[in-house]
Structure formats: structure tokens, C-alpha cells
Amino acid sequence: MTVNWPAAILGQMEFYWDFHLRPRLEGLTDDEYFWEPVEGCWSLRADAEGALVMEEANPAPEPPPVTTIAWRMVHIGRDVLGIRARAFFGPHEGLEDADMWDRRLWPDPLPATAADAIAMLERSYAHWREGVSALDEGAIATPLGPKGAWFAEDSMGALVLHLNRELMAHGAEICLLRDLYRAKGLGAN
């Protein structure tokens, strides 16, 4: 039996998005988006100029802080899918030297509302999905090269599988936070 790996990898991502994550984002409110279930959560906060920034530290503390839905959605939409889509599939005019972690590839403001976050996530997913859907067997097996930074020798297939895992893990965390919000009586039943 011959396996069409590009189709199988894409199918895994599409199934998760279409039947698990995207439907669970329906009805997300701004209060829920920024809800902090415990003290010390990482979220999106206004900087001195009033622009939203994502709280983070390098290296991350151990154990890492609990994060809000806002933090998770930005992480998936910008860091996991958005920047990688722009690095590998464009546009990146003037930033051809940028690797798959280069935040210059995401000059867009971070979403201040749940609706804007869903729209950002949908755009990032669509951009990444479109690029992945164009990959054939040869492209899946091709090393990432300089855009992969210290993963330059890894294949595009390895990256796509890793991002599928990231999408599923962080998406599940968003769904769990929604379940907890509802169970605390803060949202619709």
C-alpha cells in the first residue's frame, strides 16, 4: 500500500480544525477571551504605548504559568501558524533573511477582542493550510534550509507534523479553558 503523506498530513490538520477546534470557538466572548482562571496567568497586556503584547519570558519559568485563551489564540495564530506561513509561503518581501521565528514577519497588532482573535486565527490557518496543501512528496521531504534556523536539516514534513501537534495541543487547552469557564457559571450553558 502506498501512502500519500502530504494528503494524510493535511487531512489530519483539516479534520482537527473542521470538527474539533473551529466549532468550539463559536460564541467566544471578550470576557472569556481574557478570563484568568488563576492568579499569575500570562495573557495579552497593554504596553506603555497601549499596544497589546503577549506576556512571555525566555527561558520560560518552570512550571510555566497558566495562560488565558487570548494568549493561546495568539500563540497559535501568530507564532505557530502565522509566522511560519509567512516565512515559508510568503509574503516576506524585504525579509527574505527571516527564519520561522522572526516576529518581523508579524507586524500586525494583536487582537483585542475575541472576534478579532477568531478572525486572525482563521486567516493564519487558511494561509498555512494553503501552503501545506501545495506540498507534494518531494516538497514534504525537502530540508527546511535557512528558514528552519537550527532545524535547517529537518524536513518540511517534520515541521508540518510538529505544527499539527502544536495546533491540537494548544487548541485542546483553549477548549478546556472554555469548559472551565462554563463550569464556573461564567458563560452560557
# chains A, B, ... in the order shown; residues from 1 in each chain; ligands from 1
$ closest_atom_pairs --of "segment 63-101 of chain A" --to "segment 153-167 of chain A" --cutoff "12 Å" --atoms "only C-alpha atoms" --output "tab-separated table"
residue	atom	partner	partner_atom	distance
A:Arg72	CA	A:Leu167	CA	9.9
A:Met73	CA	A:Leu167	CA	9.9
A:Val74	CA	A:Leu167	CA	11.6
A:His75	CA	A:Leu167	CA	9.6
A:Ile76	CA	A:Leu167	CA	6.4
A:Gly77	CA	A:Leu167	CA	9.2
A:Arg78	CA	A:Leu167	CA	11.7
A:Asp79	CA	A:Leu163	CA	10.2
A:Val80	CA	A:Leu163	CA	6.5
A:Leu81	CA	A:Leu163	CA	7.4
A:Gly82	CA	A:Leu163	CA	11.1
A:Ile83	CA	A:Leu163	CA	11.8
A:Arg84	CA	A:Leu163	CA	9.3
A:Ala85	CA	A:Val160	CA	10.5
A:Phe88	CA	A:Met156	CA	9.5
A:Phe89	CA	A:Met156	CA	11.8
A:Met100	CA	A:Leu159	CA	10.3
$ write_last_selection --atoms "C-alpha atoms" --output "PDB file, in the first residue's frame"
ATOM      1  CA  ARG A  72      -3.229  30.628  23.435  1.00  0.00           C
ATOM      2  CA  MET A  73      -5.062  32.010  20.407  1.00  0.00           C
ATOM      3  CA  VAL A  74      -2.268  34.485  19.684  1.00  0.00           C
ATOM      4  CA  HIS A  75       0.329  31.780  20.173  1.00  0.00           C
ATOM      5  CA  ILE A  76      -1.411  29.528  17.633  1.00  0.00           C
ATOM      6  CA  GLY A  77      -2.419  32.289  15.205  1.00  0.00           C
ATOM      7  CA  ARG A  78       0.798  34.293  15.202  1.00  0.00           C
ATOM      8  CA  ASP A  79       3.641  32.077  16.437  1.00  0.00           C
ATOM      9  CA  VAL A  80       2.651  28.558  15.410  1.00  0.00           C
ATOM     10  CA  LEU A  81       0.875  29.152  12.078  1.00  0.00           C
ATOM     11  CA  GLY A  82       1.125  32.807  11.038  1.00  0.00           C
ATOM     12  CA  ILE A  83       4.855  33.487  11.179  1.00  0.00           C
ATOM     13  CA  ARG A  84       5.695  30.050   9.790  1.00  0.00           C
ATOM     14  CA  ALA A  85       3.229  30.505   6.910  1.00  0.00           C
ATOM     15  CA  PHE A  88       7.813  29.537   4.096  1.00  0.00           C
ATOM     16  CA  PHE A  89       4.946  30.603   1.819  1.00  0.00           C
ATOM     17  CA  MET A 100      10.479  30.715  11.055  1.00  0.00           C
TER      18      MET A 100
END
$ select_by_dssp --residues "chain A" --states "strand (DSSP E)" --output "ChimeraX atom specification"
/A:44-46,52-54
$ closest_residue --among "A:His170, A:Ala48, A:Leu186, A:Ile118" --to "Thr67 of chain A" --atoms "only C-alpha atoms"
A:His170
$ residues_around --residues "Glu137 of chain A" --least-positions-apart "5" --cutoff "8 Å" --atoms "only C-alpha atoms" --output "list in words"
Asn4, Trp5 and Pro6 of chain A
$ select_by_dssp --residues "segment 18-149 of chain A" --states "helix (DSSP H, G or I)" --output "VMD selection string"
chain A and resid 18 to 24 30 to 33 69 to 89 103 to 105 114 to 133 137 to 141 145 to 149
$ closest_residue --among "A:Ala183, A:Ala112, A:Val66, A:Leu144" --to "Gly40 of chain A" --atoms "only C-alpha atoms"
A:Val66
$ residues_around --residues "Glu39 of chain A" --least-positions-apart "2" --cutoff "10 Å" --atoms "only C-alpha atoms" --output "PDB file with C-alpha atoms, in the first residue's frame"
ATOM      1  CA  GLU A  36      -7.792  34.490  34.126  1.00  0.00           C
ATOM      2  CA  PRO A  37      -8.708  31.276  35.949  1.00  0.00           C
ATOM      3  CA  CYS A  41      -1.791  33.995  34.345  1.00  0.00           C
ATOM      4  CA  TRP A  42       0.017  35.065  31.242  1.00  0.00           C
ATOM      5  CA  PRO A  65       2.272  29.924  34.026  1.00  0.00           C
ATOM      6  CA  VAL A  66      -1.319  29.118  33.174  1.00  0.00           C
TER       7      VAL A  66
END
$ atom_distance --atom1 "atom CA of Asp18 of chain A" --atom2 "atom CA of Ala169 of chain A"
15.4 Å
$ residues_around --residues "Arg22 of chain A" --least-positions-apart "3" --cutoff "10 Å" --atoms "only C-alpha atoms" --output "PyMOL selection string"
chain A and resi 16-19+25-26+118+121-122+171
$ closest_residue --among "A:Asp136, A:Phe15, A:Ile69, A:Val38" --to "Ala172 of chain A" --atoms "only C-alpha atoms"
A:Ile69
$ residues_around --residues "Ala51 of chain A" --least-positions-apart "3" --cutoff "8 Å" --atoms "only C-alpha atoms" --output "ChimeraX atom specification"
/A:45-48,109-110
$ decode --residues "segment 116-147 of chain A" --atoms "N, CA and C atoms" --output "PDB file, in the first residue's frame"
ATOM      1  N   ASP A 116     -11.945  39.399  16.848  1.00  0.00           N
ATOM      2  CA  ASP A 116     -10.716  39.668  16.092  1.00  0.00           C
ATOM      3  C   ASP A 116      -9.728  38.509  16.194  1.00  0.00           C
ATOM      4  N   ALA A 117      -9.681  37.866  17.350  1.00  0.00           N
ATOM      5  CA  ALA A 117      -8.775  36.723  17.532  1.00  0.00           C
ATOM      6  C   ALA A 117      -9.207  35.542  16.669  1.00  0.00           C
ATOM      7  N   ILE A 118     -10.506  35.295  16.618  1.00  0.00           N
ATOM      8  CA  ILE A 118     -11.003  34.208  15.758  1.00  0.00           C
ATOM      9  C   ILE A 118     -10.676  34.517  14.302  1.00  0.00           C
ATOM     10  N   ALA A 119     -10.887  35.767  13.886  1.00  0.00           N
ATOM     11  CA  ALA A 119     -10.576  36.152  12.504  1.00  0.00           C
ATOM     12  C   ALA A 119      -9.085  35.983  12.205  1.00  0.00           C
ATOM     13  N   MET A 120      -8.215  36.386  13.142  1.00  0.00           N
ATOM     14  CA  MET A 120      -6.772  36.218  12.957  1.00  0.00           C
ATOM     15  C   MET A 120      -6.416  34.746  12.848  1.00  0.00           C
ATOM     16  N   LEU A 121      -6.981  33.937  13.723  1.00  0.00           N
ATOM     17  CA  LEU A 121      -6.704  32.506  13.713  1.00  0.00           C
ATOM     18  C   LEU A 121      -7.187  31.875  12.402  1.00  0.00           C
ATOM     19  N   GLU A 122      -8.363  32.255  11.942  1.00  0.00           N
ATOM     20  CA  GLU A 122      -8.868  31.740  10.665  1.00  0.00           C
ATOM     21  C   GLU A 122      -7.946  32.113   9.504  1.00  0.00           C
ATOM     22  N   ARG A 123      -7.480  33.360   9.475  1.00  0.00           N
ATOM     23  CA  ARG A 123      -6.570  33.796   8.398  1.00  0.00           C
ATOM     24  C   ARG A 123      -5.251  33.039   8.445  1.00  0.00           C
ATOM     25  N   SER A 124      -4.687  32.891   9.634  1.00  0.00           N
ATOM     26  CA  SER A 124      -3.412  32.188   9.777  1.00  0.00           C
ATOM     27  C   SER A 124      -3.555  30.720   9.394  1.00  0.00           C
ATOM     28  N   TYR A 125      -4.641  30.101   9.847  1.00  0.00           N
ATOM     29  CA  TYR A 125      -4.884  28.700   9.496  1.00  0.00           C
ATOM     30  C   TYR A 125      -5.041  28.560   7.979  1.00  0.00           C
ATOM     31  N   ALA A 126      -5.824  29.427   7.365  1.00  0.00           N
ATOM     32  CA  ALA A 126      -6.044  29.344   5.920  1.00  0.00           C
ATOM     33  C   ALA A 126      -4.739  29.526   5.144  1.00  0.00           C
ATOM     34  N   HIS A 127      -3.905  30.460   5.577  1.00  0.00           N
ATOM     35  CA  HIS A 127      -2.622  30.708   4.912  1.00  0.00           C
ATOM     36  C   HIS A 127      -1.722  29.477   5.037  1.00  0.00           C
ATOM     37  N   TRP A 128      -1.575  28.939   6.246  1.00  0.00           N
ATOM     38  CA  TRP A 128      -0.751  27.755   6.467  1.00  0.00           C
ATOM     39  C   TRP A 128      -1.319  26.563   5.685  1.00  0.00           C
ATOM     40  N   ARG A 129      -2.630  26.353   5.764  1.00  0.00           N
ATOM     41  CA  ARG A 129      -3.284  25.235   5.079  1.00  0.00           C
ATOM     42  C   ARG A 129      -3.063  25.318   3.576  1.00  0.00           C
ATOM     43  N   GLU A 130      -3.202  26.523   3.015  1.00  0.00           N
ATOM     44  CA  GLU A 130      -2.998  26.695   1.574  1.00  0.00           C
ATOM     45  C   GLU A 130      -1.563  26.315   1.187  1.00  0.00           C
ATOM     46  N   GLY A 131      -0.589  26.759   1.968  1.00  0.00           N
ATOM     47  CA  GLY A 131       0.801  26.409   1.675  1.00  0.00           C
ATOM     48  C   GLY A 131       1.055  24.923   1.799  1.00  0.00           C
ATOM     49  N   VAL A 132       0.538  24.312   2.858  1.00  0.00           N
ATOM     50  CA  VAL A 132       0.740  22.878   3.071  1.00  0.00           C
ATOM     51  C   VAL A 132       0.047  22.078   1.966  1.00  0.00           C
ATOM     52  N   SER A 133      -1.125  22.520   1.537  1.00  0.00           N
ATOM     53  CA  SER A 133      -1.854  21.771   0.505  1.00  0.00           C
ATOM     54  C   SER A 133      -1.115  21.760  -0.834  1.00  0.00           C
ATOM     55  N   ALA A 134      -0.208  22.698  -1.039  1.00  0.00           N
ATOM     56  CA  ALA A 134       0.554  22.751  -2.289  1.00  0.00           C
ATOM     57  C   ALA A 134       1.804  21.873  -2.257  1.00  0.00           C
ATOM     58  N   LEU A 135       2.119  21.289  -1.099  1.00  0.00           N
ATOM     59  CA  LEU A 135       3.319  20.465  -0.976  1.00  0.00           C
ATOM     60  C   LEU A 135       3.092  19.076  -1.569  1.00  0.00           C
ATOM     61  N   ASP A 136       4.018  18.633  -2.395  1.00  0.00           N
ATOM     62  CA  ASP A 136       3.971  17.271  -2.912  1.00  0.00           C
ATOM     63  C   ASP A 136       4.978  16.419  -2.144  1.00  0.00           C
ATOM     64  N   GLU A 137       5.125  15.156  -2.549  1.00  0.00           N
ATOM     65  CA  GLU A 137       6.034  14.233  -1.857  1.00  0.00           C
ATOM     66  C   GLU A 137       7.454  14.799  -1.768  1.00  0.00           C
ATOM     67  N   GLY A 138       7.922  15.388  -2.858  1.00  0.00           N
ATOM     68  CA  GLY A 138       9.271  15.944  -2.861  1.00  0.00           C
ATOM     69  C   GLY A 138       9.410  17.110  -1.906  1.00  0.00           C
ATOM     70  N   ALA A 139       8.434  18.008  -1.916  1.00  0.00           N
ATOM     71  CA  ALA A 139       8.490  19.187  -1.041  1.00  0.00           C
ATOM     72  C   ALA A 139       8.373  18.795   0.429  1.00  0.00           C
ATOM     73  N   ILE A 140       7.575  17.782   0.733  1.00  0.00           N
ATOM     74  CA  ILE A 140       7.435  17.310   2.116  1.00  0.00           C
ATOM     75  C   ILE A 140       8.775  16.783   2.634  1.00  0.00           C
ATOM     76  N   ALA A 141       9.552  16.160   1.748  1.00  0.00           N
ATOM     77  CA  ALA A 141      10.830  15.555   2.146  1.00  0.00           C
ATOM     78  C   ALA A 141      11.993  16.542   2.131  1.00  0.00           C
ATOM     79  N   THR A 142      11.797  17.733   1.565  1.00  0.00           N
ATOM     80  CA  THR A 142      12.879  18.706   1.422  1.00  0.00           C
ATOM     81  C   THR A 142      13.267  19.310   2.772  1.00  0.00           C
ATOM     82  N   PRO A 143      14.575  19.441   3.040  1.00  0.00           N
ATOM     83  CA  PRO A 143      15.007  20.113   4.277  1.00  0.00           C
ATOM     84  C   PRO A 143      14.531  21.569   4.308  1.00  0.00           C
ATOM     85  N   LEU A 144      14.304  22.068   5.510  1.00  0.00           N
ATOM     86  CA  LEU A 144      13.799  23.432   5.691  1.00  0.00           C
ATOM     87  C   LEU A 144      14.796  24.488   5.231  1.00  0.00           C
ATOM     88  N   GLY A 145      16.060  24.215   5.329  1.00  0.00           N
ATOM     89  CA  GLY A 145      17.064  25.199   4.942  1.00  0.00           C
ATOM     90  C   GLY A 145      17.145  26.328   5.951  1.00  0.00           C
ATOM     91  N   PRO A 146      17.721  27.475   5.540  1.00  0.00           N
ATOM     92  CA  PRO A 146      17.963  28.580   6.473  1.00  0.00           C
ATOM     93  C   PRO A 146      16.711  29.074   7.202  1.00  0.00           C
ATOM     94  N   LYS A 147      15.546  28.982   6.597  1.00  0.00           N
ATOM     95  CA  LYS A 147      14.324  29.431   7.272  1.00  0.00           C
ATOM     96  C   LYS A 147      14.015  28.571   8.493  1.00  0.00           C
TER      97      LYS A 147
END
